[in-house]
Amino acid sequence: MKALATRPLAVLTILSALCLAIQLTPRPIPNVEFTSLLVFIVGSFFGGFIGGVLGALVMLANGFLSPWGLAGLMLPFQIIGMGFVGLAGGLYRKTRKNSTGVSSVAETGILGAFLTLVYDIITNFGFSVALMLTGVAPLPAIITALVSGAPFSLIHVGSNLLIFSAAFFPLTRAMKELTGGETKWRRESLPT
């Protein structure tokens, strides 16, 4: 049976709980969040599949337990968007250099901003689908969703640019220390 070693499994469990806690706690500034960063880090540390699943499950829980109410028709779009962020973390893992210099910090910041923009476009499209279901024509619905979401997207993209730049490398270093650098699935004999 394949299993994750104890230390990496404990870190993954803690990060999963932290993602849920952060996502379900009301924020004083709308659209400033750390969930995207944590899901991306899980993807980059444990692989895109695990990051994608974590992102999707966090948004699924958020869709029903959010202090702002049920997500409704937005839920599938939120799940897809955050799953994409986790998957992108896994892809970044495969292409990333081991450098932590200024260019790498800028790279992760820009990548975080880009992934946030993609997430916002996906969720704004979900809002436009909800508008279309109420009778608004497709083009006006999409334009309305993008225009009304633009101020929130600017805050979201800008804050994640800063958050990814400032926190990605320190957090991944801390995770390596906590797990002993082990992120791979391995065979372990389990007691029967």
# chains A, B, ... in the order shown; residues from 1 in each chain; ligands from 1
$ residues_around --residues "stretch 76-79 of chain A" --least-positions-apart "4" --cutoff "9 Å" --atoms "only C-alpha atoms" --output "JSON, numbers by chain"
{"A": [55, 56, 57, 58, 59, 60, 63, 71, 72, 83, 84, 119, 120, 122, 123, 124, 125, 126, 127]}
$ residues_around --residues "A:Ala106" --least-positions-apart "3" --cutoff "9 Å" --atoms "only C-alpha atoms" --output "ChimeraX atom specification"
/A:101-103,109-111,161,164-165
$ residues_around --residues "A:Pro26" --least-positions-apart "4" --cutoff "12 Å" --atoms "only C-alpha atoms" --output "ChimeraX atom specification"
/A:20-22,30-33,62,65-69
$ write_last_selection --atoms "N, CA and C atoms" --output "PDB file, in the first residue's frame"
ATOM      1  N   LEU A  20      -8.840  25.704   5.226  1.00  0.00           N
ATOM      2  CA  LEU A  20     -10.266  25.759   5.573  1.00  0.00           C
ATOM      3  C   LEU A  20     -10.549  26.858   6.588  1.00  0.00           C
ATOM      4  N   ALA A  21      -9.712  26.946   7.612  1.00  0.00           N
ATOM      5  CA  ALA A  21      -9.929  27.955   8.650  1.00  0.00           C
ATOM      6  C   ALA A  21      -9.833  29.362   8.068  1.00  0.00           C
ATOM      7  N   ILE A  22      -8.839  29.584   7.231  1.00  0.00           N
ATOM      8  CA  ILE A  22      -8.674  30.908   6.624  1.00  0.00           C
ATOM      9  C   ILE A  22      -9.846  31.228   5.710  1.00  0.00           C
ATOM     10  N   PRO A  30     -12.058  42.690   1.948  1.00  0.00           N
ATOM     11  CA  PRO A  30     -12.530  41.711   0.965  1.00  0.00           C
ATOM     12  C   PRO A  30     -11.454  41.386  -0.074  1.00  0.00           C
ATOM     13  N   ASN A  31     -11.381  40.141  -0.445  1.00  0.00           N
ATOM     14  CA  ASN A  31     -10.506  39.636  -1.500  1.00  0.00           C
ATOM     15  C   ASN A  31      -9.018  39.657  -1.160  1.00  0.00           C
ATOM     16  N   VAL A  32      -8.655  39.896   0.072  1.00  0.00           N
ATOM     17  CA  VAL A  32      -7.275  39.693   0.513  1.00  0.00           C
ATOM     18  C   VAL A  32      -7.287  38.371   1.260  1.00  0.00           C
ATOM     19  N   GLU A  33      -6.642  37.367   0.667  1.00  0.00           N
ATOM     20  CA  GLU A  33      -6.736  36.018   1.220  1.00  0.00           C
ATOM     21  C   GLU A  33      -5.410  35.280   1.060  1.00  0.00           C
ATOM     22  N   ASN A  62     -16.203  25.791   1.486  1.00  0.00           N
ATOM     23  CA  ASN A  62     -16.521  27.211   1.539  1.00  0.00           C
ATOM     24  C   ASN A  62     -17.899  27.492   0.943  1.00  0.00           C
ATOM     25  N   LEU A  65     -20.261  26.468   3.849  1.00  0.00           N
ATOM     26  CA  LEU A  65     -20.027  26.912   5.224  1.00  0.00           C
ATOM     27  C   LEU A  65     -19.548  28.353   5.349  1.00  0.00           C
ATOM     28  N   SER A  66     -19.446  29.062   4.245  1.00  0.00           N
ATOM     29  CA  SER A  66     -18.931  30.427   4.277  1.00  0.00           C
ATOM     30  C   SER A  66     -19.789  31.320   5.169  1.00  0.00           C
ATOM     31  N   PRO A  67     -19.152  32.210   5.927  1.00  0.00           N
ATOM     32  CA  PRO A  67     -19.938  33.143   6.742  1.00  0.00           C
ATOM     33  C   PRO A  67     -20.736  34.123   5.886  1.00  0.00           C
ATOM     34  N   TRP A  68     -20.432  34.202   4.593  1.00  0.00           N
ATOM     35  CA  TRP A  68     -21.151  35.097   3.691  1.00  0.00           C
ATOM     36  C   TRP A  68     -22.366  34.419   3.069  1.00  0.00           C
ATOM     37  N   GLY A  69     -22.586  33.141   3.368  1.00  0.00           N
ATOM     38  CA  GLY A  69     -23.740  32.426   2.841  1.00  0.00           C
ATOM     39  C   GLY A  69     -23.355  31.401   1.789  1.00  0.00           C
TER      40      GLY A  69
END
$ closest_atom_pairs --of "stretch 59-159 of chain A" --to "stretch 42-47 of chain A" --cutoff "9 Å" --atoms "only C-alpha atoms" --output "Markdown table"
| residue | atom | partner | partner_atom | distance |
| --- | --- | --- | --- | --- |
| A:Val85 | CA | A:Gly43 | CA | 8.0 |
| A:Gly86 | CA | A:Gly43 | CA | 4.7 |
| A:Leu87 | CA | A:Gly43 | CA | 6.0 |
| A:Ala88 | CA | A:Gly43 | CA | 7.0 |
| A:Gly89 | CA | A:Ser44 | CA | 4.2 |
| A:Gly90 | CA | A:Ser44 | CA | 4.4 |
| A:Leu91 | CA | A:Ser44 | CA | 7.2 |
| A:Tyr92 | CA | A:Ser44 | CA | 6.2 |
| A:Arg93 | CA | A:Ser44 | CA | 4.7 |
| A:Lys94 | CA | A:Ser44 | CA | 8.1 |
$ closest_residue --among "A:Ala150, A:Leu131, A:Val39, A:Leu12" --to "A:Leu115" --atoms "only C-alpha atoms"
A:Val39
$ atom_distance --atom1 "atom CA of A:Gly181" --atom2 "atom CA of A:Pro8"
8.6 Å
$ atom_distance --atom1 "atom CA of A:Ser128" --atom2 "atom CA of A:Ala145"
5.3 Å
$ atom_distance --atom1 "atom CA of A:Ser153" --atom2 "atom CA of A:Ile14"
28.5 Å
$ residues_around --residues "A:Ala166" --least-positions-apart "6" --cutoff "12 Å" --atoms "only C-alpha atoms" --output "compact mmCIF listing (two decimals) with N, CA and C atoms, in the first residue's frame"
# COMPACT_ATOMS: atom_id res chain seq x y z
N PHE A 34 -5.24 34.24 1.84
CA PHE A 34 -4.02 33.42 1.81
C PHE A 34 -4.29 32.01 1.30
N LEU A 37 -2.38 31.07 -1.95
CA LEU A 37 -0.97 30.79 -1.71
C LEU A 37 -0.79 29.41 -1.11
N THR A 100 16.36 31.29 -5.12
CA THR A 100 15.42 32.10 -4.33
C THR A 100 15.79 33.57 -4.44
N VAL A 102 16.04 37.48 -6.32
CA VAL A 102 15.02 38.49 -6.61
C VAL A 102 14.18 38.10 -7.82
N SER A 104 13.41 35.11 -8.86
CA SER A 104 12.49 34.04 -8.49
C SER A 104 11.34 34.56 -7.64
N VAL A 105 11.64 35.50 -6.76
CA VAL A 105 10.59 36.12 -5.93
C VAL A 105 9.62 36.87 -6.83
N ALA A 106 10.15 37.64 -7.78
CA ALA A 106 9.30 38.36 -8.73
C ALA A 106 8.48 37.39 -9.57
N GLU A 107 9.11 36.29 -9.97
CA GLU A 107 8.42 35.28 -10.79
C GLU A 107 7.23 34.69 -10.05
N THR A 108 7.42 34.32 -8.78
CA THR A 108 6.29 33.75 -8.04
C THR A 108 5.21 34.80 -7.78
N GLY A 109 5.61 36.04 -7.56
CA GLY A 109 4.61 37.10 -7.38
C GLY A 109 3.77 37.31 -8.62
N ILE A 110 4.43 37.37 -9.76
CA ILE A 110 3.70 37.55 -11.03
C ILE A 110 2.83 36.33 -11.32
N GLY A 112 1.53 34.33 -9.06
CA GLY A 112 0.39 34.42 -8.14
C GLY A 112 -0.66 35.41 -8.63
N SER A 159 -3.09 42.11 -4.08
CA SER A 159 -2.70 41.54 -2.79
C SER A 159 -2.00 40.20 -2.97
N ASN A 160 -2.47 39.38 -3.92
CA ASN A 160 -1.80 38.09 -4.12
C ASN A 160 -0.43 38.25 -4.77
N THR A 172 7.91 27.61 1.84
CA THR A 172 8.41 26.34 1.29
C THR A 172 9.68 25.91 2.02
$ closest_residue --among "A:Leu38, A:Leu73, A:Val129, A:Ile121" --to "A:Gly149" --atoms "only C-alpha atoms"
A:Ile121
$ decode --residues "stretch 61-118 of chain A" --atoms "C-alpha atoms" --output "PDB file, in the first residue's frame"
ATOM      1  CA  ALA A  61     -16.540  23.429   1.952  1.00  0.00           C
ATOM      2  CA  ASN A  62     -16.521  27.211   1.539  1.00  0.00           C
ATOM      3  CA  GLY A  63     -19.534  26.976  -0.761  1.00  0.00           C
ATOM      4  CA  PHE A  64     -21.653  25.562   2.052  1.00  0.00           C
ATOM      5  CA  LEU A  65     -20.027  26.912   5.224  1.00  0.00           C
ATOM      6  CA  SER A  66     -18.931  30.427   4.277  1.00  0.00           C
ATOM      7  CA  PRO A  67     -19.938  33.143   6.742  1.00  0.00           C
ATOM      8  CA  TRP A  68     -21.151  35.097   3.691  1.00  0.00           C
ATOM      9  CA  GLY A  69     -23.740  32.426   2.841  1.00  0.00           C
ATOM     10  CA  LEU A  70     -24.135  29.671   0.278  1.00  0.00           C
ATOM     11  CA  ALA A  71     -22.169  30.010  -2.956  1.00  0.00           C
ATOM     12  CA  GLY A  72     -25.053  28.805  -5.117  1.00  0.00           C
ATOM     13  CA  LEU A  73     -24.301  28.808  -8.841  1.00  0.00           C
ATOM     14  CA  MET A  74     -20.819  30.205  -8.198  1.00  0.00           C
ATOM     15  CA  LEU A  75     -19.716  27.005  -6.443  1.00  0.00           C
ATOM     16  CA  PRO A  76     -18.612  24.962  -9.487  1.00  0.00           C
ATOM     17  CA  PHE A  77     -16.662  27.938 -10.818  1.00  0.00           C
ATOM     18  CA  GLN A  78     -14.947  28.497  -7.460  1.00  0.00           C
ATOM     19  CA  ILE A  79     -14.045  24.794  -7.307  1.00  0.00           C
ATOM     20  CA  ILE A  80     -12.600  24.835 -10.830  1.00  0.00           C
ATOM     21  CA  GLY A  81     -10.694  28.071 -10.194  1.00  0.00           C
ATOM     22  CA  MET A  82      -9.032  27.021  -6.942  1.00  0.00           C
ATOM     23  CA  GLY A  83      -8.382  23.497  -8.264  1.00  0.00           C
ATOM     24  CA  PHE A  84      -6.533  25.166 -11.133  1.00  0.00           C
ATOM     25  CA  VAL A  85      -4.376  27.123  -8.651  1.00  0.00           C
ATOM     26  CA  GLY A  86      -3.324  23.875  -6.923  1.00  0.00           C
ATOM     27  CA  LEU A  87      -2.649  22.169 -10.235  1.00  0.00           C
ATOM     28  CA  ALA A  88      -0.549  25.150 -11.341  1.00  0.00           C
ATOM     29  CA  GLY A  89       1.524  24.738  -8.175  1.00  0.00           C
ATOM     30  CA  GLY A  90       2.388  21.224  -9.281  1.00  0.00           C
ATOM     31  CA  LEU A  91       3.319  22.431 -12.757  1.00  0.00           C
ATOM     32  CA  TYR A  92       5.471  25.163 -11.225  1.00  0.00           C
ATOM     33  CA  ARG A  93       7.258  22.520  -9.154  1.00  0.00           C
ATOM     34  CA  LYS A  94       8.371  20.768 -12.333  1.00  0.00           C
ATOM     35  CA  THR A  95       9.689  23.926 -14.008  1.00  0.00           C
ATOM     36  CA  ARG A  96      11.008  25.950 -11.057  1.00  0.00           C
ATOM     37  CA  LYS A  97      14.699  26.523 -10.545  1.00  0.00           C
ATOM     38  CA  ASN A  98      16.066  26.154  -7.021  1.00  0.00           C
ATOM     39  CA  SER A  99      17.002  29.833  -6.929  1.00  0.00           C
ATOM     40  CA  THR A 100      15.417  32.098  -4.332  1.00  0.00           C
ATOM     41  CA  GLY A 101      16.866  35.333  -5.721  1.00  0.00           C
ATOM     42  CA  VAL A 102      15.023  38.491  -6.607  1.00  0.00           C
ATOM     43  CA  SER A 103      14.046  37.165 -10.042  1.00  0.00           C
ATOM     44  CA  SER A 104      12.485  34.037  -8.490  1.00  0.00           C
ATOM     45  CA  VAL A 105      10.591  36.118  -5.932  1.00  0.00           C
ATOM     46  CA  ALA A 106       9.298  38.361  -8.726  1.00  0.00           C
ATOM     47  CA  GLU A 107       8.423  35.283 -10.786  1.00  0.00           C
ATOM     48  CA  THR A 108       6.289  33.749  -8.044  1.00  0.00           C
ATOM     49  CA  GLY A 109       4.615  37.104  -7.376  1.00  0.00           C
ATOM     50  CA  ILE A 110       3.705  37.551 -11.027  1.00  0.00           C
ATOM     51  CA  LEU A 111       2.569  33.927 -11.236  1.00  0.00           C
ATOM     52  CA  GLY A 112       0.393  34.423  -8.142  1.00  0.00           C
ATOM     53  CA  ALA A 113      -1.140  37.546  -9.682  1.00  0.00           C
ATOM     54  CA  PHE A 114      -1.770  35.722 -12.965  1.00  0.00           C
ATOM     55  CA  LEU A 115      -3.388  32.715 -11.251  1.00  0.00           C
ATOM     56  CA  THR A 116      -5.558  35.070  -9.206  1.00  0.00           C
ATOM     57  CA  LEU A 117      -6.638  36.848 -12.386  1.00  0.00           C
ATOM     58  CA  VAL A 118      -7.533  33.487 -13.970  1.00  0.00           C
TER      59      VAL A 118
END
